[in-house]
>>> print(open('run-v6.txt').read())   # compact mmCIF, C-alpha atoms
# COMPACT_ATOMS: atom_id res chain seq x y z
CA MET R 252 0.00 0.00 0.00
CA SER R 253 1.66 3.17 -1.16
CA LEU R 254 1.26 5.87 1.45
CA ASN R 255 2.96 9.13 0.60
CA LYS R 256 2.95 12.90 0.82
CA SER R 257 -0.08 13.17 -1.47
CA MET R 258 -2.31 11.67 1.21
CA HIS R 259 -4.81 14.12 2.67
CA PRO R 260 -3.70 15.45 6.10
CA ARG R 261 -6.85 14.05 7.76
CA ASN R 262 -6.50 10.64 6.15
CA ARG R 263 -6.22 8.16 9.02
CA TYR R 264 -3.73 6.09 6.98
CA LYS R 265 -1.33 8.95 6.18
CA ASP R 266 0.92 8.49 9.19
CA LYS R 267 -0.35 5.13 10.40
CA PRO R 268 -0.60 2.43 7.76
CA PRO R 269 -2.81 -0.57 8.51
CA ASP R 270 -1.28 -3.07 10.92
CA PHE R 271 -1.59 -6.28 8.92
CA ALA R 272 -0.56 -8.50 11.85
CA TYR R 273 -3.23 -7.01 14.13
CA LEU R 274 -5.91 -7.15 11.42
CA ALA R 275 -4.97 -10.77 10.62
CA SER R 276 -5.36 -11.70 14.29
CA LYS R 277 -8.85 -10.19 14.35
CA TYR R 278 -10.22 -11.13 10.91
CA PRO R 279 -9.81 -14.75 9.74
CA ASP R 280 -10.82 -13.91 6.16
CA PHE R 281 -7.93 -11.45 6.03
CA GLU R 282 -5.47 -13.68 7.91
CA GLN R 283 -5.27 -16.21 5.08
CA HIS R 284 -3.74 -13.53 2.82
CA VAL R 285 -1.12 -12.24 5.25
CA HIS R 286 2.36 -13.72 5.08
CA THR R 287 5.41 -13.08 7.22
CA ASN R 288 8.59 -12.06 5.41
CA LEU R 289 12.12 -13.07 6.45
CA ALA R 290 12.37 -10.01 8.68
CA GLY R 291 9.24 -11.12 10.56
CA ARG R 292 7.04 -8.39 9.11
CA ALA R 293 3.44 -9.12 8.09
CA MET R 294 3.04 -8.62 4.34
CA LEU R 295 0.27 -8.72 1.75
CA ASN R 296 0.65 -9.57 -1.94
CA PHE R 297 -1.11 -6.69 -3.66
CA LYS R 298 -0.96 -8.54 -6.99
CA GLU R 299 -3.53 -11.04 -5.68
CA PRO R 300 -7.07 -9.68 -6.18
CA GLU R 301 -8.35 -11.89 -3.34
CA ALA R 302 -5.85 -10.29 -0.95
CA VAL R 303 -6.74 -6.76 -2.04
CA ARG R 304 -10.44 -7.54 -1.65
CA ALA R 305 -9.83 -8.99 1.82
CA LEU R 306 -7.87 -5.87 2.82
CA THR R 307 -10.56 -3.52 1.50
CA CYS R 308 -13.34 -5.38 3.30
CA THR R 309 -11.29 -5.60 6.51
CA LEU R 310 -10.38 -1.90 6.59
CA LEU R 311 -13.97 -0.85 5.92
CA LYS R 312 -15.17 -3.10 8.75
CA GLU R 313 -12.43 -2.18 11.24
CA ASP R 314 -12.21 1.57 10.65
CA PHE R 315 -15.71 2.51 9.47
CA GLY R 316 -18.01 -0.27 10.68
CA LEU R 317 -19.01 -1.06 7.10
CA THR R 318 -19.58 -4.55 5.74
CA ILE R 319 -19.35 -5.03 1.98
CA ASP R 320 -19.13 -7.77 -0.62
CA ILE R 321 -17.17 -7.24 -3.84
CA PRO R 322 -16.94 -9.68 -6.75
CA LEU R 323 -13.39 -10.43 -7.90
CA GLU R 324 -14.25 -9.69 -11.52
CA ARG R 325 -15.07 -6.05 -10.76
CA LEU R 326 -12.94 -3.12 -9.52
CA ILE R 327 -11.67 -3.56 -5.98
CA PRO R 328 -11.15 -0.09 -4.49
CA THR R 329 -8.34 0.79 -2.10
CA VAL R 330 -9.70 2.42 1.04
CA PRO R 331 -6.93 5.00 1.71
CA LEU R 332 -7.24 6.51 -1.76
CA ARG R 333 -11.04 6.62 -1.62
CA LEU R 334 -10.84 8.22 1.82
CA ASN R 335 -8.55 10.92 0.34
CA TYR R 336 -11.30 11.82 -2.10
CA ILE R 337 -13.91 12.12 0.67
CA HIS R 338 -11.61 14.43 2.64
CA TRP R 339 -10.93 16.57 -0.44
CA VAL R 340 -14.67 16.90 -1.06
CA GLU R 341 -15.14 17.88 2.61
CA ASP R 342 -12.56 20.64 2.06
CA LEU R 343 -14.29 21.87 -1.10
CA ILE R 344 -17.78 22.03 0.41
CA GLY R 345 -16.78 23.52 3.73
CA GLY R 346 -16.34 20.61 6.06
CA GLN R 347 -18.38 17.87 7.57
CA GLY R 348 -21.32 19.99 8.72
CA GLU R 349 -24.80 20.14 7.30
CA PRO R 350 -26.08 17.29 5.14
CA ARG R 351 -24.98 17.47 1.54
CA ARG R 352 -26.20 15.74 -1.59
CA GLY R 353 -23.99 14.08 -4.16
CA ILE R 354 -24.12 11.81 -7.15
CA ASP R 355 -21.73 8.97 -7.80
CA ILE R 356 -21.80 8.15 -11.49
CA GLY R 357 -20.53 4.61 -11.96
CA THR R 358 -20.60 3.70 -8.29
CA GLY R 359 -19.28 0.20 -8.90
CA ALA R 360 -19.97 -2.95 -6.92
CA SER R 361 -18.51 -1.58 -3.70
CA CYS R 362 -20.45 1.72 -3.71
CA ILE R 363 -17.49 2.94 -1.64
CA TYR R 364 -17.80 6.72 -2.08
CA PRO R 365 -21.46 6.87 -1.05
CA LEU R 366 -20.87 4.41 1.81
CA LEU R 367 -17.96 6.44 3.18
CA GLY R 368 -19.65 9.83 2.66
CA ALA R 369 -22.93 8.68 4.20
CA SER R 370 -21.40 6.86 7.15
CA MET R 371 -18.81 9.53 7.97
CA ASN R 372 -20.78 12.70 7.25
CA GLY R 373 -24.45 11.82 6.80
CA TRP R 374 -24.30 12.88 3.16
CA HIS R 375 -27.12 11.86 0.81
CA TYR R 376 -26.18 10.17 -2.47
CA LEU R 377 -27.64 9.07 -5.73
CA ALA R 378 -25.45 6.13 -6.77
CA THR R 379 -25.79 5.29 -10.47
CA GLU R 380 -24.50 2.25 -12.31
CA VAL R 381 -24.92 0.69 -15.77
CA ASP R 382 -23.60 -2.77 -14.92
CA ASP R 383 -26.29 -5.05 -13.47
CA ILE R 384 -23.83 -7.09 -11.41
CA CYS R 385 -22.25 -3.96 -9.90
CA PHE R 386 -25.67 -2.48 -9.24
CA ASP R 387 -26.86 -5.61 -7.42
CA TYR R 388 -23.74 -5.71 -5.23
CA ALA R 389 -23.92 -1.96 -4.54
CA THR R 390 -27.58 -2.26 -3.54
CA ARG R 391 -26.81 -5.11 -1.14
CA ASN R 392 -23.86 -3.19 0.31
CA VAL R 393 -26.04 -0.16 1.02
CA GLU R 394 -28.82 -2.29 2.52
CA GLN R 395 -26.57 -4.41 4.75
CA ASN R 396 -25.11 -1.22 6.23
CA ASN R 397 -28.55 0.27 6.88
CA LEU R 398 -27.82 3.32 4.72
CA SER R 399 -30.79 3.10 2.34
CA ASP R 400 -32.21 6.30 3.81
CA LEU R 401 -29.08 8.20 2.68
CA ILE R 402 -28.09 6.33 -0.50
CA LYS R 403 -30.45 5.73 -3.39
CA GLY R 404 -29.32 3.55 -6.26
CA GLN R 405 -30.29 3.79 -9.89
CA CYS R 406 -29.37 1.27 -12.57
CA LEU R 407 -29.18 3.06 -15.90
CA SER R 408 -29.31 1.72 -19.43
CA ARG R 409 -26.06 2.20 -21.33
CA GLY R 410 -26.20 5.42 -23.32
CA SER R 411 -28.93 6.96 -21.17
CA SER R 412 -28.69 10.10 -19.12
CA THR R 413 -29.40 10.11 -15.39
CA THR R 414 -32.60 12.03 -15.96
CA ALA R 415 -33.87 10.40 -19.12
CA CYS R 416 -33.86 6.67 -18.64
CA SER R 417 -33.54 4.34 -15.71
CA SER R 418 -34.38 0.68 -15.63
CA ARG R 419 -34.19 -0.15 -11.91
CA HIS R 420 -34.20 1.71 -8.63
CA ALA R 421 -32.93 0.62 -5.25
>>> encode(input="run-v6.txt", output="structure tokens")
Amino acid sequence: MSLNKSMHPRNRYKDKPPDFAYLASKYPDFEQHVHTNLAGRAMLNFKEPEAVRALTCTLLKEDFGLTIDIPLERLIPTVPLRLNYIHWVEDLIGGQGEPRRGIDIGTGASCIYPLLGASMNGWHYLATEVDDICFDYATRNVEQNNLSDLIKGQCLSRGSSTTACSSRHA
């Protein structure tokens, strides 16, 4: 996990990267992907999609209380980078105060931006997606985190606009 100077100052991972050994001791699904190197340091192979998915799910659970499912054949987001974006948006709109409304075009299977924005700041989102598999996962992720009152999903037909054509709502 590349943590560097471009991380947002409020990003919890900027100065304290995830402790893989601790997380492995707490989360069995993550533990199977953690290996100890010759120096005795817990390591993760970021070239293995299963390991990246396990890390993403573990960090969301541990640090944000969010439970998600992500299929391996779809984009697996990295939590620190997505958290950067949320902090940058907070800066642009004047902080974490009053409820805000946003749209996530192409929310993906994880629905990570709406989940983070809603759980951290109480922001309202319209999460749109054209891929049926991603939309189904995103809908389940919102529902299993009890955020349906803040996040509304819309599955759009390819080539449609967000106002002109929708095929399914969540």
>>> residues_around(input="run-v6.txt", residues="Leu295 in chain R", least_positions_apart="3", cutoff="9 Å", atoms="only C-alpha atoms", output="MDAnalysis selection string")
chainID R and resid 252 271 284:287 298:299 302:303 306
>>> closest_atom_pairs(input="run-v6.txt", of="range 283-313 of chain R", to="range 327-332 of chain R", cutoff="10 Å", atoms="all atoms listed in the file", output="JSON lines")
{"residue": "R:Pro300", "atom": "CA", "partner": "R:Ile327", "partner_atom": "CA", "distance": 7.7}
{"residue": "R:Glu301", "atom": "CA", "partner": "R:Ile327", "partner_atom": "CA", "distance": 9.3}
{"residue": "R:Val303", "atom": "CA", "partner": "R:Ile327", "partner_atom": "CA", "distance": 7.1}
{"residue": "R:Arg304", "atom": "CA", "partner": "R:Ile327", "partner_atom": "CA", "distance": 6.0}
{"residue": "R:Ala305", "atom": "CA", "partner": "R:Ile327", "partner_atom": "CA", "distance": 9.7}
{"residue": "R:Leu306", "atom": "CA", "partner": "R:Thr329", "partner_atom": "CA", "distance": 8.3}
{"residue": "R:Thr307", "atom": "CA", "partner": "R:Val330", "partner_atom": "CA", "distance": 6.0}
{"residue": "R:Cys308", "atom": "CA", "partner": "R:Val330", "partner_atom": "CA", "distance": 8.9}
{"residue": "R:Thr309", "atom": "CA", "partner": "R:Val330", "partner_atom": "CA", "distance": 9.8}
{"residue": "R:Leu310", "atom": "CA", "partner": "R:Val330", "partner_atom": "CA", "distance": 7.1}
{"residue": "R:Leu311", "atom": "CA", "partner": "R:Val330", "partner_atom": "CA", "distance": 7.3}
>>> atom_distance(input="run-v6.txt", atom1="CA of Trp374 in chain R", atom2="CA of Ile402 in chain R")
8.4 Å
>>> atom_distance(input="run-v6.txt", atom1="CA of Gln395 in chain R", atom2="CA of Leu367 in chain R")
13.9 Å
>>> residues_around(input="run-v6.txt", residues="Asn335 in chain R", least_positions_apart="3", cutoff="8 Å", atoms="only C-alpha atoms", output="VMD selection string")
chain R and resid 258 to 259 262 331 to 332 338 to 339
>>> closest_residue(input="run-v6.txt", among="R:Met371, R:Leu401, R:Leu274, R:Cys385", to="Gly316 in chain R", atoms="all atoms listed in the file")
R:Met371
>>> closest_residue(input="run-v6.txt", among="R:Ala369, R:Glu380, R:Phe297, R:Glu341", to="Val393 in chain R", atoms="all atoms listed in the file")
R:Ala369
>>> closest_residue(input="run-v6.txt", among="R:Ala360, R:Met294, R:Leu343, R:Leu407", to="Phe386 in chain R", atoms="all atoms listed in the file")
R:Ala360
>>> residues_around(input="run-v6.txt", residues="Ser370 in chain R", least_positions_apart="6", cutoff="10 Å", atoms="all atoms listed in the file", output="list in words")
Phe315, Gly316, Leu317, Tyr364, Asn396, Asn397, Leu398 and Leu401 of chain R
>>> atom_distance(input="run-v6.txt", atom1="CA of Gly359 in chain R", atom2="CA of Glu282 in chain R")
25.8 Å
>>> axis_aligned_box(input="run-v6.txt", around="range 398-406 of chain R", padding_each_side="4 Å", output="AutoDock Vina command-line options")
--center_x -30.0 --center_y 4.7 --center_z -3.9 --size_x 12.4 --size_y 14.9 --size_z 25.3
>>> residues_around(input="run-v6.txt", residues="Tyr376 in chain R", least_positions_apart="6", cutoff="7 Å", atoms="all atoms listed in the file", output="VMD selection string")
chain R and resid 352 to 354 365 401 to 403
>>> closest_residue(input="run-v6.txt", among="R:Ile384, R:Cys406, R:Ile363, R:Ala275", to="Tyr336 in chain R", atoms="all atoms listed in the file")
R:Ile363
